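Novice: I'm passing along final-v5.txt; it holds compact mmCIF, C-alpha atoms.
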```
# COMPACT_ATOMS: atom_id res chain seq x y z
CA MET A 1 98.85 -59.82 50.53
CA SER A 2 95.92 -58.34 52.34
CA SER A 3 96.61 -55.88 55.13
CA ASN A 4 94.92 -58.29 57.51
CA THR A 5 97.78 -60.75 57.18
CA LEU A 6 101.05 -60.75 59.00
CA GLU A 7 104.10 -62.26 57.35
CA VAL A 8 106.60 -63.84 59.72
CA SER A 9 109.97 -64.83 58.35
CA MET A 10 111.72 -67.20 60.73
CA TYR A 11 115.19 -68.67 60.88
CA ARG A 12 114.90 -72.44 60.76
CA TYR A 13 117.64 -74.95 61.31
CA ASN A 14 117.47 -78.51 62.51
CA PRO A 15 120.98 -79.99 62.35
CA GLU A 16 119.53 -83.51 62.14
CA GLN A 17 117.67 -82.68 58.93
CA ASP A 18 119.04 -79.51 57.37
CA LYS A 19 122.43 -79.05 55.79
CA PHE A 20 122.12 -75.28 56.04
CA PRO A 21 119.85 -72.88 57.92
CA TYR A 22 117.11 -71.17 55.94
CA MET A 23 114.38 -68.55 56.41
CA LYS A 24 110.83 -69.90 56.39
CA LYS A 25 107.86 -67.64 55.77
CA TYR A 26 104.60 -67.98 57.66
CA SER A 27 101.44 -66.04 56.96
CA ILE A 28 99.14 -65.52 59.87
CA GLU A 29 96.00 -63.52 60.39
CA LYS A 30 96.74 -60.31 62.25
CA PRO A 31 95.72 -60.69 65.88
CA ALA A 32 92.76 -58.55 66.90
CA ARG A 33 94.77 -56.93 69.69
CA ASP A 34 98.44 -56.09 70.17
CA ILE A 35 100.21 -59.22 71.36
CA MET A 36 103.80 -59.97 72.31
CA VAL A 37 106.23 -61.63 69.91
CA LEU A 38 106.24 -64.69 72.19
CA ASP A 39 102.45 -64.99 71.82
CA LEU A 40 102.94 -64.78 68.06
CA LEU A 41 105.42 -67.67 68.30
CA HIS A 42 102.88 -69.69 70.27
CA LEU A 43 100.32 -69.08 67.50
CA LEU A 44 102.82 -70.17 64.87
CA LYS A 45 103.74 -73.26 66.88
CA GLU A 46 100.08 -74.30 66.93
CA GLY A 47 100.35 -74.63 63.15
CA ASP A 48 103.91 -75.96 63.01
CA ASP A 49 104.99 -77.78 66.14
CA SER A 50 108.54 -78.26 64.85
CA ILE A 51 109.36 -74.60 65.67
CA SER A 52 111.83 -74.45 68.58
CA TYR A 53 112.44 -71.57 70.95
CA ARG A 54 113.12 -71.09 74.64
CA ARG A 55 110.58 -69.55 76.98
CA SER A 56 109.76 -69.78 80.64
CA CYS A 57 108.32 -66.96 82.72
CA ARG A 58 106.80 -65.07 79.74
CA GLU A 59 107.07 -61.77 81.62
CA GLY A 60 110.63 -60.52 81.15
CA VAL A 61 112.11 -61.98 84.31
CA CYS A 62 113.82 -65.24 83.31
CA GLY A 63 115.59 -64.00 80.17
CA SER A 64 115.02 -67.25 78.27
CA ASP A 65 113.47 -65.92 75.09
CA GLY A 66 116.12 -63.48 73.92
CA MET A 67 116.13 -63.37 70.11
CA ASN A 68 116.74 -61.08 67.19
CA ILE A 69 113.48 -59.42 66.23
CA ASN A 70 113.53 -57.43 62.99
CA GLY A 71 117.27 -56.90 63.37
CA LYS A 72 117.34 -55.92 67.03
CA ASN A 73 117.88 -58.20 70.01
CA GLY A 74 115.12 -58.30 72.58
CA LEU A 75 112.95 -60.48 74.76
CA ALA A 76 110.05 -61.92 72.78
CA CYS A 77 107.79 -61.97 75.85
CA ILE A 78 107.89 -58.22 76.49
CA THR A 79 108.17 -57.00 72.90
CA PRO A 80 104.77 -56.03 71.48
CA ILE A 81 104.48 -56.84 67.79
CA SER A 82 103.25 -53.28 67.17
CA SER A 83 106.68 -51.96 68.23
CA VAL A 84 108.65 -54.08 65.76
CA ILE A 85 106.35 -54.72 62.83
CA LYS A 86 107.49 -53.23 59.51
CA LYS A 87 105.20 -53.29 56.48
CA ASP A 88 103.23 -56.16 58.04
CA LYS A 89 106.42 -58.22 58.29
CA ILE A 90 108.40 -59.58 61.23
CA GLU A 91 111.72 -61.35 60.93
CA LEU A 92 112.83 -63.63 63.76
CA ARG A 93 116.36 -64.90 64.08
CA PRO A 94 118.38 -66.46 66.92
CA LEU A 95 120.70 -64.27 69.00
CA PRO A 96 123.66 -63.45 66.72
CA GLY A 97 127.16 -64.75 67.27
CA LEU A 98 126.30 -67.86 69.28
CA PRO A 99 126.14 -71.38 67.82
CA VAL A 100 122.59 -72.39 66.90
CA ILE A 101 121.30 -75.59 68.46
CA ARG A 102 117.99 -75.49 66.64
CA ASP A 103 115.81 -72.72 65.15
CA LEU A 104 115.82 -69.87 67.70
CA VAL A 105 117.65 -71.83 70.39
CA VAL A 106 121.33 -70.95 70.80
CA ASP A 107 124.17 -72.56 72.72
CA MET A 108 125.03 -70.11 75.50
CA THR A 109 128.07 -71.99 76.84
CA GLN A 110 130.51 -69.25 75.79
CA PHE A 111 128.31 -66.57 77.32
CA TYR A 112 128.13 -68.40 80.66
CA ALA A 113 131.86 -69.16 80.56
CA GLN A 114 132.54 -65.42 80.51
CA TYR A 115 130.01 -64.88 83.29
CA GLU A 116 131.74 -67.54 85.39
CA LYS A 117 135.10 -65.88 84.74
CA ILE A 118 134.15 -62.71 86.63
CA LYS A 119 133.26 -64.70 89.78
CA PRO A 120 129.71 -63.42 90.16
CA PHE A 121 129.41 -63.83 93.90
CA LEU A 122 130.30 -61.78 96.97
CA GLN A 123 133.80 -62.46 98.25
CA ASN A 124 134.39 -61.52 101.85
CA ASP A 125 136.39 -63.82 104.10
CA THR A 126 135.90 -61.83 107.30
CA THR A 127 133.75 -63.34 110.01
CA ALA A 128 130.12 -62.98 109.05
CA PRO A 129 127.99 -60.96 111.46
CA GLU A 130 125.12 -62.67 113.22
CA GLN A 131 122.45 -61.38 110.88
CA GLU A 132 123.75 -59.72 107.72
CA ARG A 133 126.49 -57.51 106.31
CA LEU A 134 125.00 -54.05 106.43
CA GLN A 135 125.43 -51.29 103.89
CA SER A 136 124.57 -47.63 104.06
CA PRO A 137 121.68 -46.58 101.80
CA GLU A 138 124.23 -44.64 99.70
CA ASP A 139 126.41 -47.72 99.20
CA ARG A 140 123.38 -49.84 98.39
CA ALA A 141 122.29 -47.26 95.82
CA LYS A 142 125.54 -47.88 93.92
CA LEU A 143 124.19 -51.29 92.92
CA ASP A 144 121.08 -49.90 91.26
CA GLY A 145 121.16 -50.42 87.53
CA LEU A 146 123.56 -53.34 87.97
CA TYR A 147 121.86 -56.13 89.91
CA GLU A 148 118.73 -56.07 87.72
CA CYS A 149 120.46 -57.90 84.84
CA ILE A 150 118.66 -61.15 83.97
CA LEU A 151 121.44 -62.58 81.78
CA CYS A 152 119.29 -62.81 78.67
CA ALA A 153 122.44 -62.22 76.54
CA CYS A 154 120.71 -59.63 74.33
CA CYS A 155 123.54 -57.16 75.01
CA SER A 156 126.55 -59.45 74.59
CA THR A 157 125.20 -60.99 71.41
CA SER A 158 124.61 -57.55 69.88
CA CYS A 159 128.23 -56.55 70.56
CA PRO A 160 130.64 -56.89 67.60
CA SER A 161 133.60 -57.15 69.97
CA PHE A 162 131.93 -60.17 71.59
CA TRP A 163 131.18 -61.67 68.17
CA TRP A 164 134.82 -61.45 67.11
CA ASN A 165 136.48 -62.42 70.41
CA PRO A 166 133.95 -64.28 72.57
CA ASP A 167 136.71 -66.24 74.27
CA LYS A 168 138.76 -63.17 75.24
CA PHE A 169 136.36 -60.24 75.60
CA VAL A 170 134.19 -60.72 78.68
CA GLY A 171 131.22 -59.01 77.04
CA PRO A 172 128.80 -56.37 78.32
CA ALA A 173 126.53 -58.66 80.38
CA ALA A 174 129.36 -60.20 82.39
CA LEU A 175 131.13 -56.84 82.71
CA LEU A 176 127.97 -55.27 84.10
CA GLN A 177 128.00 -58.03 86.72
CA ALA A 178 131.74 -57.59 87.28
CA TYR A 179 131.10 -53.95 88.14
CA ARG A 180 128.14 -54.95 90.32
CA PHE A 181 130.67 -56.70 92.61
CA LEU A 182 133.41 -54.10 92.18
CA ALA A 183 130.95 -51.44 93.33
CA ASP A 184 129.74 -53.53 96.27
CA THR A 185 131.31 -52.22 99.49
CA ARG A 186 130.88 -55.63 101.12
CA ASP A 187 133.13 -57.34 98.56
CA LEU A 188 136.82 -57.40 99.53
CA GLU A 189 138.39 -58.82 96.38
CA THR A 190 138.43 -55.61 94.36
CA GLN A 191 142.15 -55.77 93.59
CA ASN A 192 142.02 -59.38 92.47
CA ARG A 193 138.92 -58.74 90.39
CA LEU A 194 140.64 -55.80 88.68
CA GLU A 195 143.77 -57.87 88.12
CA GLU A 196 141.69 -60.54 86.39
CA LEU A 197 140.29 -57.90 84.03
CA SER A 198 143.51 -56.01 83.37
CA ASP A 199 144.60 -57.72 80.12
CA PRO A 200 144.10 -55.96 76.75
CA PHE A 201 140.98 -57.97 75.84
CA SER A 202 138.71 -58.60 78.85
CA VAL A 203 137.52 -55.00 79.26
CA TYR A 204 139.50 -52.87 76.83
CA ARG A 205 138.13 -54.62 73.76
CA CYS A 206 134.96 -52.59 74.36
CA HIS A 207 135.06 -49.82 71.76
CA GLY A 208 131.97 -48.04 73.06
CA ILE A 209 129.74 -49.09 70.18
CA MET A 210 126.81 -49.05 72.64
CA ASN A 211 124.73 -51.74 70.93
CA CYS A 212 124.46 -53.22 74.43
CA VAL A 213 122.65 -50.15 75.73
CA SER A 214 120.33 -50.12 72.74
CA ALA A 215 119.52 -53.83 73.05
CA CYS A 216 119.07 -54.21 76.81
CA PRO A 217 115.39 -55.09 77.45
CA LYS A 218 115.77 -53.97 81.07
CA SER A 219 117.07 -50.52 80.04
CA LEU A 220 120.39 -51.06 81.82
CA ASN A 221 123.62 -49.40 80.75
CA PRO A 222 126.51 -51.90 80.48
CA ASN A 223 128.58 -49.29 78.64
CA LYS A 224 128.55 -47.02 81.68
CA ALA A 225 129.59 -49.94 83.91
CA ILE A 226 132.44 -50.77 81.52
CA GLY A 227 133.53 -47.12 81.66
CA GLU A 228 133.59 -47.33 85.45
CA ILE A 229 135.73 -50.49 85.33
CA LYS A 230 138.13 -48.80 82.89
CA SER A 231 138.39 -45.84 85.27
CA MET A 232 139.15 -48.19 88.18
CA LEU A 233 141.79 -50.01 86.11
CA LEU A 234 143.39 -46.73 85.06
CA SER A 235 143.43 -45.19 88.53
CA ASN A 236 144.24 -48.59 90.07
CA LYS A 237 143.46 -47.28 93.51
CA LYS A 238 144.42 -49.64 96.25
CA GLN A 239 141.37 -50.25 98.36
CA VAL A 240 141.93 -49.61 102.02
CA ILE A 241 140.36 -52.41 103.95
CA ALA A 242 139.66 -51.78 107.61
CA SER A 243 139.95 -54.54 110.17
CA ASP A 244 136.17 -54.94 110.27
CA GLY A 245 136.22 -55.81 106.61
CA VAL A 246 134.52 -52.60 105.48
CA ARG A 247 136.19 -50.59 102.72
CA MET B 1 150.82 -56.42 78.80
CA LYS B 2 148.18 -54.46 80.67
CA GLY B 3 145.20 -53.15 78.78
CA SER B 4 145.43 -49.84 80.64
CA LEU B 5 149.02 -49.35 79.42
CA ILE B 6 147.94 -49.79 75.79
CA TRP B 7 144.94 -47.52 76.40
CA ARG B 8 147.20 -44.83 77.88
CA ALA B 9 149.82 -45.19 75.13
CA GLN B 10 147.21 -44.64 72.43
CA ARG B 11 145.50 -41.67 74.11
CA TYR B 12 148.63 -39.91 75.33
CA SER B 13 150.43 -40.36 72.00
CA SER B 14 147.48 -38.78 70.21
CA LEU B 15 147.53 -35.83 72.61
CA ILE B 16 151.26 -35.28 72.14
CA ILE B 17 150.94 -35.56 68.34
CA PHE B 18 148.05 -33.09 68.41
CA THR B 19 150.10 -30.64 70.52
CA TYR B 20 153.01 -30.90 68.07
CA PHE B 21 150.83 -30.12 65.05
CA ILE B 22 149.18 -27.23 66.89
CA TYR B 23 152.67 -25.85 67.65
CA VAL B 24 153.77 -26.13 64.00
CA ALA B 25 150.48 -24.64 62.79
CA TYR B 26 150.87 -21.80 65.29
CA PHE B 27 154.37 -21.08 63.93
CA ILE B 28 153.10 -21.01 60.34
CA PHE B 29 150.02 -18.90 60.92
CA SER B 30 151.47 -16.55 63.53
CA SER B 31 154.36 -15.43 61.31
CA ASP B 32 153.72 -12.19 59.45
CA ILE B 33 156.08 -13.24 56.69
CA MET B 34 156.61 -16.84 55.67
CA SER B 35 159.40 -17.73 53.31
CA PHE B 36 161.31 -20.88 52.43
CA ASP B 37 164.29 -19.72 54.51
CA ILE B 38 162.20 -19.01 57.60
CA TRP B 39 160.50 -22.38 57.30
CA THR B 40 163.78 -24.23 56.67
CA ASN B 41 165.47 -22.60 59.67
CA PHE B 42 162.52 -23.57 61.84
CA ALA B 43 162.11 -27.12 60.52
CA LEU B 44 165.82 -27.95 60.55
CA SER B 45 166.56 -26.60 64.00
CA ALA B 46 167.94 -29.35 66.23
CA GLN B 47 165.05 -29.05 68.70
CA LEU B 48 162.40 -29.42 66.04
CA LYS B 49 164.24 -32.29 64.33
CA ILE B 50 164.33 -34.18 67.62
CA ALA B 51 160.69 -33.31 68.30
CA THR B 52 159.64 -34.35 64.77
CA SER B 53 161.52 -37.65 65.05
CA LEU B 54 159.85 -38.40 68.38
CA ILE B 55 156.45 -37.42 67.03
CA PHE B 56 156.75 -39.69 64.03
CA MET B 57 157.81 -42.56 66.29
CA LEU B 58 154.76 -41.86 68.46
CA LEU B 59 152.67 -41.83 65.28
CA LEU B 60 154.07 -45.25 64.45
CA LEU B 61 153.23 -46.52 67.94
CA HIS B 62 149.74 -45.02 67.73
CA ALA B 63 149.13 -46.59 64.33
CA PHE B 64 150.47 -49.94 65.47
CA ILE B 65 148.07 -50.08 68.41
CA GLY B 66 145.18 -49.18 66.12
CA LEU B 67 146.13 -51.72 63.47
CA TRP B 68 146.83 -54.40 66.08
CA THR B 69 143.28 -53.83 67.36
CA VAL B 70 141.90 -54.05 63.82
CA GLY B 71 143.90 -57.25 63.22
CA THR B 72 142.75 -58.93 66.43
CA ASP B 73 139.14 -57.88 65.75
CA TYR B 74 138.75 -58.62 62.06
CA LEU B 75 141.45 -61.13 61.17
CA THR B 76 140.17 -63.86 63.47
CA THR B 77 138.84 -67.34 62.81
CA ARG B 78 135.32 -66.20 63.56
CA THR B 79 135.37 -63.00 61.53
CA LEU B 80 136.98 -64.48 58.43
CA GLY B 81 134.97 -67.67 58.93
CA PHE B 82 131.81 -65.64 58.31
CA LEU B 83 133.09 -64.94 54.81
CA ASN B 84 134.58 -68.31 54.08
CA ARG B 85 135.30 -71.30 56.33
CA SER B 86 138.67 -72.16 54.80
CA LEU B 87 139.65 -68.50 55.07
CA GLY B 88 138.70 -68.65 58.76
CA ARG B 89 141.07 -71.56 59.30
CA LYS B 90 143.91 -69.44 57.88
CA ALA B 91 143.17 -66.49 60.17
CA LYS B 92 146.33 -66.90 62.26
CA LEU B 93 148.55 -67.03 59.19
CA LEU B 94 146.80 -64.05 57.62
CA ARG B 95 147.13 -62.08 60.83
CA SER B 96 150.86 -62.88 61.02
CA LEU B 97 151.30 -61.73 57.41
CA TYR B 98 149.35 -58.57 58.19
CA TYR B 99 151.68 -57.80 61.14
CA LEU B 100 154.74 -58.64 59.05
CA LEU B 101 153.55 -56.24 56.35
CA PHE B 102 153.00 -53.57 58.96
CA ALA B 103 156.41 -54.21 60.54
CA LEU B 104 158.08 -53.85 57.12
CA MET B 105 156.14 -50.66 56.44
CA GLY B 106 157.16 -49.39 59.88
CA LEU B 107 160.83 -50.06 59.11
CA LEU B 108 160.54 -48.32 55.75
CA TYR B 109 158.75 -45.41 57.39
CA THR B 110 161.48 -45.13 60.06
CA ALA B 111 164.20 -45.22 57.38
CA VAL B 112 162.45 -42.44 55.45
CA ILE B 113 162.18 -40.30 58.59
CA ILE B 114 165.86 -40.80 59.48
CA TYR B 115 166.96 -40.10 55.90
CA THR B 116 164.75 -37.01 55.53
CA LEU B 117 165.58 -35.44 58.86
CA TRP B 118 169.10 -36.53 59.74
CA LEU B 119 171.04 -37.48 56.59
```
Show me this structure written as structure tokens.
Specialist:
Amino acid sequence: MSSNTLEVSMYRYNPEQDKFPYMKKYSIEKPARDIMVLDLLHLLKEGDDSISYRRSCREGVCGSDGMNINGKNGLACITPISSVIKKDKIELRPLPGLPVIRDLVVDMTQFYAQYEKIKPFLQNDTTAPEQERLQSPEDRAKLDGLYECILCACCSTSCPSFWWNPDKFVGPAALLQAYRFLADTRDLETQNRLEELSDPFSVYRCHGIMNCVSACPKSLNPNKAIGEIKSMLLSNKKQVIASDGVR
Amino acid sequence: MKGSLIWRAQRYSSLIIFTYFIYVAYFIFSSDIMSFDIWTNFALSAQLKIATSLIFMLLLLHAFIGLWTVGTDYLTTRTLGFLNRSLGRKAKLLRSLYYLLFALMGLLYTAVIIYTLWL
């Protein structure tokens, strides 16, 4: 193979036609400039329109195009091919551990079920002020590194604990969001949230492997958030709630 | 059962076991003269026999938590199903057998400790 050619090995599976998934090789002329993996997929799709993958915003905001690129999960739209290419080869697979619908498209039902479980919304039953519930800049700063998650599932699907127990272990993405609400001073359901996570699997099945940190395309740290939740569960501090609803 | 209780049991048991072995090591290495009699008097003192029995029970608890975690991680439908689908369908049975084996080994281990230390 000439050095001007790029070899792309892609996971293909169409349940209506294929009995088993297989890897299909495509040879493509190396682009003149460094392009993103998603652009590479577009080029491949021009030649083979049966290739299926998710995409939407193409700028790392929607989290649709999470996939396994040369063995590491990432977002195709913000991953330059120069950063992943190995010996002029790129291997593309769907996110691991989730059922494959077709090619690089996975069924994320289990992932969203865990997200739903942590009740990802502010819970505060006190009378809402006229304008908004205010926070001090210090309290607001506690949410940095948590709210930015785009739910691309790159972290949860790189976590062996989530592979083995996706129905019991909440997974790094949902746990990051769980801590986002546990750390929010405006949320008043801390005790109930902790109670929901107190079983041996939901949080404690995290063994600190840290694949989640390595895989996160937004450079977030779910492992740190999980550590914070474990600390809260261990100290089990009762939150003192003042009459105005502020902790 | 709470996850934090299991977490604590595993960490605290390891700390207590570590302290015990440090104490025994300190006795061995701090003695100017070490003979069979000195060691026997130390090891068969009532305090150390009680401590040793407790430590080995803690070791059993510690090991059980670890092996329970291994069992619930790797002997599941999904994990075994990766190797072989029919094996995956038998995951629950295999996990039960694994726990039974460990329970039997735990009983044998306890019997050996009682026999060695107290009979």
Novice: Tell me which of B:Leu54, B:Ile65, B:Val24, B:Leu59 sits closest to chain A, counting all atoms listed in the file.
Specialist: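 With all atoms listed in the file as the atom set, the closest residue is B:Ile65.
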Novice: Please provide the set of residues having any atom within 12 Å of Lys86 in chain A, restricted to all atoms listed in the file, with same-chain residues fewer than 6 positions apart removed, written as a PyMOL selection string.
Specialist: chain A and resi 6-9+69-71
Novice: CA of Asp103 in chain A to CA of Ser156 in chain A: how many Å, to one decimal?
Specialist: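 Computed distance, CA of Asp103 in chain A to CA of Ser156 in chain A, equals 19.5 Å.
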Novice: Between B:Leu58, B:Leu5, B:Ala43, B:Ile17, single out the one closest to Thr110 in chain B, counting all atoms listed in the file.
Specialist: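 Closest to Thr110 in chain B of all the choices is B:Leu58.
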Novice: Do you have, as CSV, the list of residues of chain A lying at most 10 Å from chain B, each with its nearest atom pair and that distance in Å to one decimal, counting only C-alpha atoms and ordered by chain then number?
Specialist:
```
residue,atom,partner,partner_atom,distance
A:Gly97,CA,B:Arg78,CA,9.1
A:Pro160,CA,B:Asp73,CA,8.8
A:Ser161,CA,B:Asp73,CA,7.0
A:Phe162,CA,B:Asp73,CA,9.6
A:Trp163,CA,B:Arg78,CA,7.7
A:Trp164,CA,B:Asp73,CA,5.8
A:Asn165,CA,B:Asp73,CA,7.0
A:Pro166,CA,B:Arg78,CA,9.3
A:Glu195,CA,B:Lys2,CA,9.3
A:Leu197,CA,B:Gly3,CA,8.6
A:Ser198,CA,B:Lys2,CA,5.6
A:Asp199,CA,B:Gly3,CA,4.8
A:Pro200,CA,B:Gly3,CA,3.6
A:Phe201,CA,B:Gly3,CA,7.0
A:Ser202,CA,B:Gly3,CA,8.5
A:Val203,CA,B:Gly3,CA,7.9
A:Tyr204,CA,B:Gly3,CA,6.0
A:Arg205,CA,B:Thr69,CA,8.3
A:Lys230,CA,B:Ser4,CA,7.7
A:Ser231,CA,B:Ser4,CA,9.3
A:Met232,CA,B:Ser4,CA,10.0
A:Leu233,CA,B:Ser4,CA,6.6
A:Leu234,CA,B:Ser4,CA,5.8
A:Ser235,CA,B:Ser4,CA,9.4
A:Asn236,CA,B:Ser4,CA,9.6
```
Novice: Quick one: axis-aligned box around all listed atoms of range 50-69 of chain A, 3 Å on every side, centre and edge lengths in Å to one decimal, written as AutoDock Vina command-line options.
Specialist:
```
--center_x 111.8 --center_y -68.8 --center_z 74.6 --size_x 15.9 --size_y 24.8 --size_z 25.5
```
Novice: Mind pulling up the distance from CA of Ser82 in chain A to CA of Met36 in chain A?
Specialist: 8.5 Å
Novice: Which is closer to Pro137 in chain A than all the others in A:Thr185, A:Pro222, A:Leu44, A:Lys89, using all atoms listed in the file?
Specialist: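 Distance minimum relative to Pro137 in chain A lands on A:Thr185.
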Novice: Figure out the distance between CA of Met210 in chain A and CA of Pro94 in chain A, please, to one decimal in Å.
Specialist: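 Separating CA of Pro94 in chain A from CA of Met210 in chain A is a distance of 20.2 Å.
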